[in-house]
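Shown next: work-v9.txt, given as compact mmCIF, C-alpha atoms.
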# COMPACT_ATOMS: atom_id res chain seq x y z
CA MET C 1 0.00 0.00 0.00
CA THR C 2 1.47 3.36 -1.01
CA VAL C 3 0.98 6.59 0.90
CA GLN C 4 -1.58 7.59 -1.72
CA ASP C 5 -3.44 4.32 -1.27
CA LEU C 6 -3.34 4.74 2.50
CA HIS C 7 -4.73 8.25 2.21
CA ALA C 8 -7.55 6.97 0.01
CA THR C 9 -8.40 4.05 2.29
CA THR C 10 -11.82 4.56 3.82
CA VAL C 11 -12.23 4.20 7.53
CA SER C 12 -14.74 1.42 6.97
CA ASP C 13 -12.20 -0.85 5.28
CA THR C 14 -11.71 -4.16 7.06
CA PRO C 15 -8.10 -5.05 7.95
CA SER C 16 -6.77 -8.06 6.08
CA THR C 17 -5.78 -11.30 7.73
CA ALA C 18 -2.63 -10.96 9.83
CA PRO C 19 0.53 -12.04 8.02
CA SER C 20 2.33 -15.21 9.01
CA ILE C 21 5.89 -15.23 10.30
CA GLU C 22 7.24 -16.27 6.90
CA TYR C 23 7.00 -12.61 5.95
CA GLN C 24 9.66 -11.56 8.46
CA PHE C 25 12.69 -10.05 6.71
CA ARG C 26 15.18 -12.86 6.13
CA ASP C 27 18.39 -10.84 5.96
CA ASP C 28 19.86 -7.43 5.10
CA ALA C 29 19.38 -8.00 1.39
CA ASP C 30 15.66 -8.54 1.96
CA VAL C 31 15.38 -5.29 3.93
CA ILE C 32 17.28 -3.40 1.22
CA ALA C 33 15.12 -4.80 -1.56
CA PHE C 34 11.94 -3.87 0.30
CA ALA C 35 13.13 -0.31 0.95
CA ARG C 36 14.43 0.25 -2.57
CA LEU C 37 11.21 -1.04 -4.14
CA HIS C 38 8.90 1.09 -2.05
CA VAL C 39 10.67 4.44 -1.75
CA GLY C 40 10.40 4.96 -5.50
CA ASP C 41 10.51 8.51 -6.84
CA GLN C 42 9.88 9.97 -3.40
CA LEU C 43 13.65 9.86 -2.73
CA PRO C 44 15.44 9.39 -6.09
CA ALA C 45 18.97 9.52 -4.64
CA PHE C 46 18.12 6.52 -2.46
CA THR C 47 16.40 4.48 -5.16
CA MET C 48 19.25 5.01 -7.64
CA ALA C 49 22.09 4.39 -5.17
CA SER C 50 24.44 1.65 -6.41
CA GLU C 51 25.14 0.34 -2.92
CA LEU C 52 23.06 0.27 0.28
CA GLN C 53 23.70 -1.14 3.73
CA VAL C 54 21.58 -1.97 6.78
CA GLU C 55 21.96 -1.12 10.46
CA GLU C 56 19.56 -2.40 13.10
CA ILE C 57 18.92 0.64 15.29
CA GLY C 58 15.81 -0.17 17.29
CA ASP C 59 16.27 0.08 21.04
CA GLY C 60 12.61 -0.46 21.82
CA ASN C 61 11.07 -3.61 23.19
CA ILE C 62 8.44 -4.43 20.59
CA ASN C 63 9.53 -4.00 16.94
CA TYR C 64 12.50 -4.29 14.60
CA VAL C 65 13.86 -0.99 13.25
CA TYR C 66 16.49 -0.70 10.52
CA ARG C 67 18.34 2.18 8.89
CA VAL C 68 18.98 1.52 5.19
CA CYS C 69 21.62 3.92 3.90
CA THR C 70 24.41 4.52 1.44
CA PRO C 71 27.91 3.77 2.79
CA ASP C 72 28.58 7.49 3.22
CA ARG C 73 25.17 7.97 4.92
CA SER C 74 24.30 10.75 2.50
CA THR C 75 20.85 9.28 1.91
CA SER C 76 18.85 6.86 4.04
CA VAL C 77 15.42 5.65 5.12
CA ILE C 78 14.01 3.81 8.11
CA VAL C 79 12.29 0.43 7.82
CA LYS C 80 10.19 -0.73 10.77
CA GLN C 81 8.65 -4.20 10.99
CA GLY C 82 6.33 -5.60 13.61
CA LEU C 83 5.98 -9.28 14.44
CA PRO C 84 3.00 -10.90 16.18
CA TRP C 85 4.78 -10.82 19.53
CA VAL C 86 7.00 -8.60 21.68
CA ARG C 87 10.48 -8.60 20.11
CA ILE C 88 12.49 -8.97 23.33
CA ILE C 89 10.21 -11.67 24.77
CA GLY C 90 9.19 -13.82 21.81
CA GLU C 91 6.10 -15.90 21.12
CA SER C 92 5.20 -16.16 24.82
CA TRP C 93 3.94 -12.52 24.67
CA PRO C 94 1.75 -12.28 21.54
CA LEU C 95 0.67 -8.91 20.12
CA SER C 96 -1.81 -8.13 17.36
CA LEU C 97 -0.30 -6.82 14.12
CA VAL C 98 -3.17 -4.35 13.88
CA ARG C 99 -0.81 -2.00 15.72
CA VAL C 100 1.42 -1.62 12.63
CA ARG C 101 -1.47 -0.54 10.41
CA ILE C 102 -2.64 1.80 13.14
CA GLU C 103 0.84 3.31 13.41
CA ALA C 104 0.98 3.90 9.64
CA GLU C 105 -2.47 5.45 9.47
CA THR C 106 -1.87 7.56 12.57
CA LEU C 107 1.37 8.85 11.05
CA GLN C 108 -0.52 9.71 7.89
CA PHE C 109 -3.20 11.55 9.84
CA GLU C 110 -0.60 13.43 11.89
CA ALA C 111 1.17 14.42 8.65
CA GLU C 112 -2.08 15.90 7.36
CA CYS C 113 -2.34 17.93 10.58
CA ALA C 114 1.27 18.95 11.20
CA PRO C 115 3.55 17.68 8.40
CA GLU C 116 6.61 19.46 9.74
CA LEU C 117 6.38 17.62 13.07
CA VAL C 118 6.37 13.97 11.94
CA PRO C 119 8.64 11.89 9.66
CA ALA C 120 7.36 11.41 6.11
CA LEU C 121 5.71 8.04 5.50
CA TYR C 122 6.89 6.54 2.21
CA HIS C 123 5.13 3.17 2.29
CA PHE C 124 3.11 0.79 4.44
CA GLU C 125 2.61 -2.85 3.50
CA GLU C 126 0.15 -4.75 5.61
CA ALA C 127 1.21 -8.14 4.24
CA ARG C 128 4.66 -7.69 5.78
CA SER C 129 3.61 -5.46 8.68
CA ALA C 130 6.32 -3.06 7.57
CA ILE C 131 6.67 0.68 7.21
CA VAL C 132 9.23 2.70 5.23
CA MET C 133 9.66 6.26 6.45
CA GLU C 134 11.93 9.28 6.48
CA ASP C 135 15.17 8.97 8.42
CA ILE C 136 15.34 11.77 10.99
CA GLY C 137 18.91 10.95 11.97
CA ASP C 138 19.80 14.64 11.91
CA HIS C 139 17.62 14.96 15.03
CA ARG C 140 18.46 13.54 18.45
CA ASN C 141 16.28 11.80 20.99
CA LEU C 142 14.75 14.27 23.43
CA ARG C 143 15.86 12.20 26.44
CA HIS C 144 19.51 12.75 25.52
CA ALA C 145 18.87 16.44 24.89
CA PHE C 146 17.34 16.66 28.37
CA LEU C 147 20.37 14.96 29.92
CA GLU C 148 22.72 17.47 28.31
CA ARG C 149 20.52 20.44 29.25
CA VAL C 150 20.07 21.47 25.64
CA SER C 151 18.05 24.64 25.19
CA LEU C 152 15.09 24.10 22.86
CA PRO C 153 13.26 27.42 22.72
CA GLN C 154 10.59 26.30 20.24
CA LEU C 155 9.78 22.94 21.77
CA GLY C 156 6.77 23.98 23.85
CA GLN C 157 5.14 25.88 21.00
CA GLN C 158 5.77 23.05 18.55
CA MET C 159 4.34 20.38 20.84
CA GLY C 160 1.34 22.57 21.63
CA HIS C 161 0.68 22.90 17.89
CA PHE C 162 1.05 19.14 17.35
CA LEU C 163 -1.42 18.40 20.15
CA ALA C 164 -3.92 21.07 19.13
CA THR C 165 -4.12 20.03 15.49
CA THR C 166 -4.18 16.25 15.97
CA LEU C 167 -6.56 16.24 18.91
CA TYR C 168 -8.98 18.84 17.56
CA ARG C 169 -9.14 17.53 13.99
CA SER C 170 -9.99 14.01 15.19
CA SER C 171 -12.67 15.21 17.61
CA ASP C 172 -16.45 15.53 17.37
CA LEU C 173 -16.05 19.27 16.83
CA ALA C 174 -14.26 18.65 13.54
CA LEU C 175 -15.67 15.37 12.20
CA ASP C 176 -19.05 14.25 10.96
CA ALA C 177 -20.63 11.97 13.56
CA HIS C 178 -20.72 8.92 11.27
CA ASP C 179 -17.14 9.45 10.14
CA LYS C 180 -15.97 9.83 13.74
CA LYS C 181 -17.63 6.60 14.85
CA ALA C 182 -16.16 4.69 11.92
CA ARG C 183 -12.70 6.00 12.78
CA VAL C 184 -13.12 4.98 16.40
CA ALA C 185 -13.81 1.43 15.22
CA ARG C 186 -10.90 1.40 12.78
CA PHE C 187 -8.42 2.60 15.40
CA THR C 188 -9.45 0.12 18.07
CA ASN C 189 -6.11 -1.11 19.42
CA PRO C 190 -6.83 -3.53 22.30
CA ASP C 191 -3.42 -5.15 22.79
CA GLN C 192 -1.54 -1.86 23.00
CA CYS C 193 -4.23 -0.31 25.18
CA LYS C 194 -4.03 -3.27 27.56
CA ILE C 195 -0.32 -2.59 28.05
CA THR C 196 -1.11 1.03 28.94
CA GLU C 197 -4.01 0.09 31.19
CA ASP C 198 -1.81 -2.23 33.25
CA LEU C 199 1.37 -0.17 33.36
CA PHE C 200 -0.38 3.18 33.96
CA PHE C 201 -3.30 2.43 36.21
CA VAL C 202 -2.74 -0.95 37.90
CA ASP C 203 0.87 -1.99 38.54
CA PRO C 204 2.26 1.20 40.16
CA PHE C 205 -0.58 1.31 42.67
CA CYS C 206 -0.04 -2.17 44.10
CA ASP C 207 2.85 -4.48 44.92
CA HIS C 208 3.03 -5.95 41.43
CA GLU C 209 5.86 -8.21 40.28
CA ARG C 210 6.41 -6.06 37.19
CA ASN C 211 7.27 -2.98 39.25
CA SER C 212 10.89 -1.87 39.52
CA ILE C 213 11.45 0.06 42.75
CA ASN C 214 14.55 1.73 44.06
CA PRO C 215 15.01 0.08 47.52
CA ALA C 216 15.32 3.56 49.04
CA LEU C 217 11.76 4.29 47.85
CA ARG C 218 10.17 1.10 49.10
CA SER C 219 8.43 2.75 52.05
CA ASP C 220 7.18 5.58 49.80
CA ALA C 221 5.73 3.03 47.38
CA GLU C 222 4.07 1.10 50.18
CA ALA C 223 2.47 4.28 51.51
CA LEU C 224 1.16 5.06 48.04
CA TRP C 225 -0.34 1.56 47.74
CA GLN C 226 -2.33 2.22 50.92
CA ASP C 227 -3.60 5.62 49.77
CA ALA C 228 -7.33 4.97 49.34
CA ALA C 229 -8.17 8.49 48.15
CA LEU C 230 -5.50 8.34 45.47
CA LYS C 231 -6.74 4.97 44.22
CA VAL C 232 -10.26 6.32 43.78
CA GLU C 233 -8.95 9.15 41.60
CA VAL C 234 -6.77 6.80 39.55
CA ALA C 235 -9.76 4.52 39.01
CA GLU C 236 -11.71 7.48 37.63
CA LEU C 237 -8.86 8.36 35.28
CA LYS C 238 -8.68 4.75 34.12
CA GLN C 239 -12.43 4.67 33.50
CA ARG C 240 -12.16 7.75 31.28
CA PHE C 241 -9.23 6.17 29.43
CA LEU C 242 -11.34 3.07 28.79
CA SER C 243 -14.57 4.76 27.80
CA THR C 244 -13.91 8.23 26.30
CA PRO C 245 -13.17 8.12 22.54
CA GLU C 246 -12.63 11.87 22.39
CA ALA C 247 -9.79 12.13 19.86
CA LEU C 248 -7.17 10.08 18.04
CA LEU C 249 -4.24 9.83 20.43
CA HIS C 250 -0.58 9.18 19.79
CA GLY C 251 -0.93 7.06 22.92
CA ASP C 252 2.72 6.95 23.99
CA LEU C 253 3.91 10.56 23.92
CA HIS C 254 6.98 10.36 26.16
CA ALA C 255 10.40 11.93 25.55
CA GLY C 256 11.65 8.74 23.88
CA SER C 257 9.05 9.23 21.12
CA ILE C 258 10.26 12.76 20.31
CA PHE C 259 13.36 13.75 18.33
CA VAL C 260 14.68 17.29 18.27
CA ARG C 261 17.02 19.83 16.78
CA GLU C 262 17.22 23.40 17.99
CA ASP C 263 14.86 24.44 15.19
CA SER C 264 12.82 21.28 14.66
CA THR C 265 10.76 18.63 16.49
CA LYS C 266 9.65 15.23 15.16
CA VAL C 267 7.14 12.93 16.86
CA ILE C 268 7.50 9.21 16.08
CA ASP C 269 6.11 5.78 17.02
CA PRO C 270 2.31 6.23 17.32
CA GLU C 271 1.71 2.47 17.45
CA PHE C 272 -0.33 2.93 20.63
CA GLY C 273 -2.74 5.16 18.70
CA PHE C 274 -6.45 4.88 19.50
CA PHE C 275 -9.40 7.13 20.25
CA GLY C 276 -9.29 8.16 23.89
CA PRO C 277 -9.43 11.20 26.18
CA ALA C 278 -7.54 14.15 24.68
CA GLY C 279 -5.95 14.92 28.03
CA PHE C 280 -4.01 11.66 27.95
CA ASP C 281 -1.54 12.77 25.27
CA ILE C 282 -1.22 16.21 26.83
CA GLY C 283 -0.61 14.75 30.28
CA SER C 284 1.99 12.30 28.98
CA TRP C 285 3.88 15.19 27.36
CA LEU C 286 3.69 17.45 30.43
CA ALA C 287 4.96 14.60 32.59
CA ALA C 288 7.96 14.15 30.28
CA LEU C 289 8.98 17.73 31.02
CA TRP C 290 8.30 17.44 34.73
CA LEU C 291 10.18 14.15 35.07
CA ALA C 292 13.24 15.81 33.55
CA ALA C 293 12.75 18.74 35.92
CA CYS C 294 12.65 16.38 38.92
CA ALA C 295 15.95 14.86 37.81
CA HIS C 296 17.72 18.16 37.17
CA THR C 297 16.55 19.61 40.47
CA GLU C 298 18.91 17.16 42.19
CA LEU C 299 21.80 17.13 39.72
CA GLU C 300 25.02 19.12 39.94
CA GLY C 301 25.60 22.63 38.59
CA GLU C 302 23.69 25.11 40.73
CA ASP C 303 23.21 27.93 38.22
CA ASP C 304 22.76 25.73 35.15
CA ARG C 305 20.48 23.42 37.07
CA ARG C 306 18.11 26.15 38.23
CA ASP C 307 18.03 27.74 34.79
CA TYR C 308 17.27 24.44 33.08
CA VAL C 309 14.53 23.47 35.52
CA ALA C 310 12.97 26.89 34.89
CA GLN C 311 13.17 26.24 31.14
CA LEU C 312 11.44 22.88 31.49
CA ARG C 313 8.67 24.39 33.58
CA ALA C 314 8.26 27.21 31.05
CA GLN C 315 8.02 24.66 28.21
CA ALA C 316 5.12 22.96 30.00
CA VAL C 317 3.25 26.25 30.35
CA ALA C 318 4.01 27.20 26.74
CA SER C 319 2.79 23.82 25.50
CA TRP C 320 -0.57 24.16 27.21
CA GLU C 321 -1.00 27.81 26.22
CA SER C 322 -0.19 27.02 22.58
CA PHE C 323 -2.58 24.06 22.65
CA ALA C 324 -5.43 26.01 24.24
CA ARG C 325 -5.03 28.99 21.91
CA GLU C 326 -5.09 26.87 18.75
CA TYR C 327 -7.92 24.71 20.08
CA ARG C 328 -10.05 27.82 20.65
CA GLU C 329 -9.23 29.14 17.18
CA GLN C 330 -10.22 25.87 15.53
CA ALA C 331 -13.33 25.44 17.68
CA ALA C 332 -14.57 28.85 16.48
CA HIS C 333 -15.05 27.27 13.04
CA THR C 334 -16.92 24.13 14.07
CA SER C 335 -19.94 23.38 11.90
CA ASP C 336 -21.82 21.73 14.77
CA ALA C 337 -24.31 24.18 16.24
CA SER C 338 -24.15 22.60 19.69
CA PHE C 339 -20.40 22.95 19.96
CA ALA C 340 -20.48 26.46 18.49
CA ALA C 341 -22.48 27.79 21.46
CA PRO C 342 -20.63 30.41 23.53
CA GLY C 343 -18.69 28.90 26.43
CA VAL C 344 -18.55 25.33 25.07
CA ALA C 345 -14.91 25.43 23.99
CA GLU C 346 -13.85 26.83 27.36
CA ARG C 347 -15.80 24.12 29.16
CA LEU C 348 -14.12 21.44 27.06
CA LEU C 349 -10.67 22.95 27.63
CA SER C 350 -11.25 23.03 31.37
CA ARG C 351 -12.07 19.32 31.41
CA ILE C 352 -9.18 18.43 29.09
CA LEU C 353 -6.80 20.23 31.48
CA ARG C 354 -8.12 18.34 34.50
CA ASP C 355 -7.66 15.07 32.65
CA ALA C 356 -4.19 16.08 31.48
CA LEU C 357 -3.01 16.85 35.01
CA GLY C 358 -4.36 13.54 36.27
CA TYR C 359 -2.70 11.54 33.52
CA ALA C 360 0.52 13.48 34.04
CA GLY C 361 0.40 12.42 37.67
CA CYS C 362 -0.05 8.76 36.72
CA GLU C 363 2.87 9.00 34.29
CA LEU C 364 5.13 10.54 36.95
CA ILE C 365 4.33 7.73 39.35
CA ARG C 366 4.56 4.84 36.90
CA ARG C 367 7.89 6.07 35.49
CA THR C 368 9.27 6.12 39.03
CA ILE C 369 8.13 2.82 40.56
CA GLY C 370 6.55 0.95 37.63
CA LEU C 371 8.11 -1.22 34.95
CA ALA C 372 9.53 1.33 32.49
CA HIS C 373 11.67 4.08 34.03
CA VAL C 374 13.14 7.12 32.28
CA LEU C 375 16.79 7.72 31.48
CA GLU C 376 16.73 11.15 33.08
CA LEU C 377 16.27 9.52 36.50
CA GLU C 378 18.04 6.23 35.80
CA SER C 379 21.24 8.01 34.76
CA ILE C 380 21.73 9.51 38.23
CA ASN C 381 24.59 7.40 39.60
CA ASP C 382 24.41 8.49 43.22
CA ASP C 383 21.72 6.36 44.86
CA ALA C 384 20.81 8.99 47.43
CA VAL C 385 20.51 11.76 44.82
CA ARG C 386 18.44 9.55 42.57
CA ALA C 387 16.13 8.66 45.44
CA ARG C 388 15.54 12.34 46.21
CA ALA C 389 14.66 13.04 42.57
CA GLU C 390 12.35 10.02 42.40
CA ARG C 391 10.68 11.03 45.65
CA ARG C 392 9.93 14.43 44.14
CA ALA C 393 8.37 12.75 41.10
CA LEU C 394 6.16 10.56 43.30
CA ALA C 395 5.01 13.50 45.41
CA LEU C 396 4.31 15.63 42.35
CA GLY C 397 2.39 12.84 40.66
CA ARG C 398 0.24 12.23 43.71
CA GLU C 399 -0.60 15.91 44.21
CA LEU C 400 -1.47 16.49 40.55
CA ILE C 401 -3.89 13.56 40.63
CA LEU C 402 -5.56 14.64 43.87
CA ALA C 403 -5.64 18.39 43.19
CA ARG C 404 -6.48 18.35 39.48
CA GLU C 405 -10.09 19.51 39.97
CA SER C 406 -8.97 22.66 41.78
CA LEU C 407 -6.14 23.69 39.41
CA GLU C 408 -7.76 26.18 37.06
CA ASP C 409 -4.90 26.63 34.60
CA LEU C 410 -1.36 25.50 33.85
CA ALA C 411 0.03 28.41 35.86
CA ALA C 412 -1.62 26.95 38.96
CA ALA C 413 -0.20 23.52 38.16
CA ASP C 414 3.22 25.12 37.65
CA GLY C 415 2.89 26.55 41.15
CA VAL C 416 2.55 23.00 42.48
CA VAL C 417 5.61 21.95 40.46
CA ALA C 418 7.63 24.90 41.77
CA ARG C 419 6.68 24.15 45.38
CA LEU C 420 7.53 20.45 45.20
CA LEU C 421 10.78 20.96 43.29
CA GLY C 422 11.91 23.57 45.82
Using the file provided, produce a representation of the structure as structure tokens.
Amino acid sequence: MTVQDLHATTVSDTPSTAPSIEYQFRDDADVIAFARLHVGDQLPAFTMASELQVEEIGDGNINYVYRVCTPDRSTSVIVKQGLPWVRIIGESWPLSLVRVRIEAETLQFEAECAPELVPALYHFEEARSAIVMEDIGDHRNLRHAFLERVSLPQLGQQMGHFLATTLYRSSDLALDAHDKKARVARFTNPDQCKITEDLFFVDPFCDHERNSINPALRSDAEALWQDAALKVEVAELKQRFLSTPEALLHGDLHAGSIFVREDSTKVIDPEFGFFGPAGFDIGSWLAALWLAACAHTELEGEDDRRDYVAQLRAQAVASWESFAREYREQAAHTSDASFAAPGVAERLLSRILRDALGYAGCELIRRTIGLAHVLELESINDDAVRARAERRALALGRELILARESLEDLAAADGVVARLLG
């Protein structure tokens, strides 16, 4: 299926039967042949190159990712292939291949909304569960930029724009009701959602075997597991995640899914895409900034540290303000008379913010004592320093969840962040 075919695919199309394992790439030559065949005239220098080579570059847990490039790296593409199980586990953890189609179609939708903020999609082939896309190797992973305290002055505005366009244009305010419902069905992604449901809302709030807890935080985790009021709020957030098909989400919008240059941002890997509460993506992104702020609050370099924490906090505020401004502007042009009524957009934004703060709190907690931690905290070598940073993340997560109904804007939430980071 070409990009043009994908764009023309109607949301009512039924996915084809999942491919069998015989379609897995056999060797480098197979990967090269697939890439060369399907890039076509979209990247002539690549297609006409006399020699290509392959590097496996994926550091994720689920899929295979390859860079196919000329020996001098002057031209290259990325090939990503999913198999019907988790890559690092094998057949004992099966996963539906629907996720690969959903990733391709979500990338295509995001490109229609904000083409400058996602890699170009050259080809998706359902029979091989494989995607060929632009290589953004001139960008770096945001986690590493955070670690080096890189200044990214446009990041908040760019992420606010990405969130505003993708979340609004897939919402009921922008779509015909029948079209929206058909899209919800097409982007149903149960296996990936189940991973999120467990890792976000279940494991961190009980003594689960999948959790990974710094021994110095054991008593903090145990106190959290006994926090009845917190569990009620988390249950409400989970219920909204399960039952609110508000907009098409990226679904996994952490710093590892974002690549940056000083002048550019690229969002990748939307394989967790599905229709859910708009605040989930926003909260995941805000938490990425606040997790980095928790880490840098405890790291060395007094002046640089304070300045960088202030930058991270400012990026969170800028992201929300950019999102809310663009959301209002788009909502002013809705064709639905109900949603066009005065005050509706502000009411929706107020609820989206409350959701976002709650989901940010869950992300802060699960990245601290759950299964998948973040490099910003994990890279702190001093156990005592790391424990202090992690304790800040836990406290911030808990307060955001419990206080989200009373925080009227991002400035108020930033006040909570400032108080808990000291």
With the cut-off set at 10 Å and counting all atoms listed in the file, tabulate each residue of segment 167-249 of chain C with an atom at most that distance from an atom of segment 108-127 of chain C, showing the nearest atom pair and its distance in Å to one decimal, ordered by chain and increasing number, as a Markdown table.
| residue | atom | partner | partner_atom | distance |
| --- | --- | --- | --- | --- |
| C:Leu167 | CA | C:Cys113 | CA | 9.5 |
| C:Tyr168 | CA | C:Cys113 | CA | 9.7 |
| C:Arg169 | CA | C:Cys113 | CA | 7.6 |
| C:Ser170 | CA | C:Phe109 | CA | 9.0 |
| C:Leu248 | CA | C:Phe109 | CA | 9.2 |
| C:Leu249 | CA | C:Glu110 | CA | 10.0 |
Grab the residues selected above and save them as a PDB file, keeping the file's coordinate frame with C-alpha atoms.
ATOM      1  CA  LEU C 167      -6.560  16.240  18.910  1.00  0.00           C
ATOM      2  CA  TYR C 168      -8.980  18.840  17.560  1.00  0.00           C
ATOM      3  CA  ARG C 169      -9.140  17.530  13.990  1.00  0.00           C
ATOM      4  CA  SER C 170      -9.990  14.010  15.190  1.00  0.00           C
ATOM      5  CA  LEU C 248      -7.170  10.080  18.040  1.00  0.00           C
ATOM      6  CA  LEU C 249      -4.240   9.830  20.430  1.00  0.00           C
TER       7      LEU C 249
END
Within 12 Å of Thr244 of chain C, counting only C-alpha atoms, which residues show up once you throw out same-chain ones fewer than 5 positions away? Write them as a PyMOL selection string, please. chain C and resi 171-172+184+236-239+249+274-280+352+355
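What separates atom CA of Ile131 of chain C from atom CA of Gly256 of chain C is a distance of 19.2 Å.
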From the list C:Leu421, C:Leu291, C:Leu394, C:Val374, the nearest residue to Phe205 of chain C using all atoms listed in the file is C:Leu394
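Closest approach to Ser335 of chain C among C:Glu148, C:Glu233, C:Asp176, C:Asp414 is made by C:Asp176 (distances from all atoms listed in the file).
When the distance limit is 12 Å and all atoms listed in the file are what count, the residues near Ala318 of chain C, minus those fewer than 3 positions from it on the same chain, are Pro153, Gln154, Leu155, Gly156, Gln157, Gln158, Met159, Gly160, His161, Leu286, Leu289, Gln311, Leu312, Arg313, Ala314, Gln315, Glu321, Ser322, Phe323, Ala324, Arg325, Asp409, Leu410, Ala411 and Asp414 of chain C.
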Let's have the selection written as a tab-separated table (two decimals), in the frame of the given file, with C-alpha atoms.
chain	number	residue	atom	x	y	z
C	153	PRO	CA	13.26	27.42	22.72
C	154	GLN	CA	10.59	26.30	20.24
C	155	LEU	CA	9.78	22.94	21.77
C	156	GLY	CA	6.77	23.98	23.85
C	157	GLN	CA	5.14	25.88	21.00
C	158	GLN	CA	5.77	23.05	18.55
C	159	MET	CA	4.34	20.38	20.84
C	160	GLY	CA	1.34	22.57	21.63
C	161	HIS	CA	0.68	22.90	17.89
C	286	LEU	CA	3.69	17.45	30.43
C	289	LEU	CA	8.98	17.73	31.02
C	311	GLN	CA	13.17	26.24	31.14
C	312	LEU	CA	11.44	22.88	31.49
C	313	ARG	CA	8.67	24.39	33.58
C	314	ALA	CA	8.26	27.21	31.05
C	315	GLN	CA	8.02	24.66	28.21
C	321	GLU	CA	-1.00	27.81	26.22
C	322	SER	CA	-0.19	27.02	22.58
C	323	PHE	CA	-2.58	24.06	22.65
C	324	ALA	CA	-5.43	26.01	24.24
C	325	ARG	CA	-5.03	28.99	21.91
C	409	ASP	CA	-4.90	26.63	34.60
C	410	LEU	CA	-1.36	25.50	33.85
C	411	ALA	CA	0.03	28.41	35.86
C	414	ASP	CA	3.22	25.12	37.65
Give, as JSON, the centre coordinates and the x, y and z edge lengths in Å to one decimal for an axis-aligned box around all listed atoms of segment 344-352 of chain C, padded by 4 Å on each side.
{"center_x": -13.9, "center_y": 22.6, "center_z": 27.7, "size_x": 17.4, "size_y": 16.4, "size_z": 15.4}
The distance between atom CA of Gln226 of chain C and atom CA of Leu396 of chain C is 17.2 Å
I need the residue nearest Ile102 of chain C from this list: C:Leu142, C:Ala185, C:Met133, C:Val54. Use only C-alpha atoms for the distance.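 The closest residue to Ile102 of chain C is C:Ala185.
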Might you pull out every residue within 12 Å of Ala310 of chain C, with all atoms listed in the file counted and same-chain residues fewer than 2 positions away left off, and present them as an MDAnalysis selection string? chainID C and resid 149 151 289:290 292:294 296:297 303:308 312:317 414:415 417:418 421:422
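You can rank C:Val309, C:Ile88, C:Arg101, C:Asp383 by their closest distance to Leu147 of chain C using only C-alpha atoms, and at the top of that list sits C:Val309.
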So, counting all atoms listed in the file, which residue among C:Glu246, C:Asp269, C:Glu262, C:Glu209 is closest to Ile369 of chain C? C:Glu209
Quick one: residues within 9 Å of Ser212 of chain C, all atoms listed in the file, excluding same-chain residues fewer than 4 positions away - as an NGL selection string? :C and (368-373)
Keeping only C-alpha atoms, write the selected residues to a file as a PDB file, in the frame of the given file.
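Output file part_30.pdb follows:
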ATOM      1  CA  THR C 368       9.270   6.120  39.030  1.00  0.00           C
ATOM      2  CA  ILE C 369       8.130   2.820  40.560  1.00  0.00           C
ATOM      3  CA  GLY C 370       6.550   0.950  37.630  1.00  0.00           C
ATOM      4  CA  LEU C 371       8.110  -1.220  34.950  1.00  0.00           C
ATOM      5  CA  ALA C 372       9.530   1.330  32.490  1.00  0.00           C
ATOM      6  CA  HIS C 373      11.670   4.080  34.030  1.00  0.00           C
TER       7      HIS C 373
END
Rounded to one decimal in Å, what is the spacing between atom CA of Arg26 of chain C and atom CA of Phe272 of chain C?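 Taking atom CA of Arg26 of chain C and atom CA of Phe272 of chain C, their separation equals 26.5 Å.
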Taking 4 positions as the minimum chain separation for residues in the same chain, which residues sit within 6 Å of Cys69 of chain C when counting all atoms listed in the file? Answer as a ChimeraX atom specification. /C:52-53,73,75-76
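Nearest to Glu105 of chain C of all the residues C:Leu357, C:Arg347, C:Ala223, C:Gly273 is C:Gly273, based on only C-alpha atoms.
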Given the point (4.4, -2.2, 39.2) in the file's coordinates, find the residues that have an atom at most 12 Å from it, counting all atoms listed in the file, and give them as a VMD selection string. chain C and resid 197 to 214 218 221 to 222 224 to 225 365 to 373
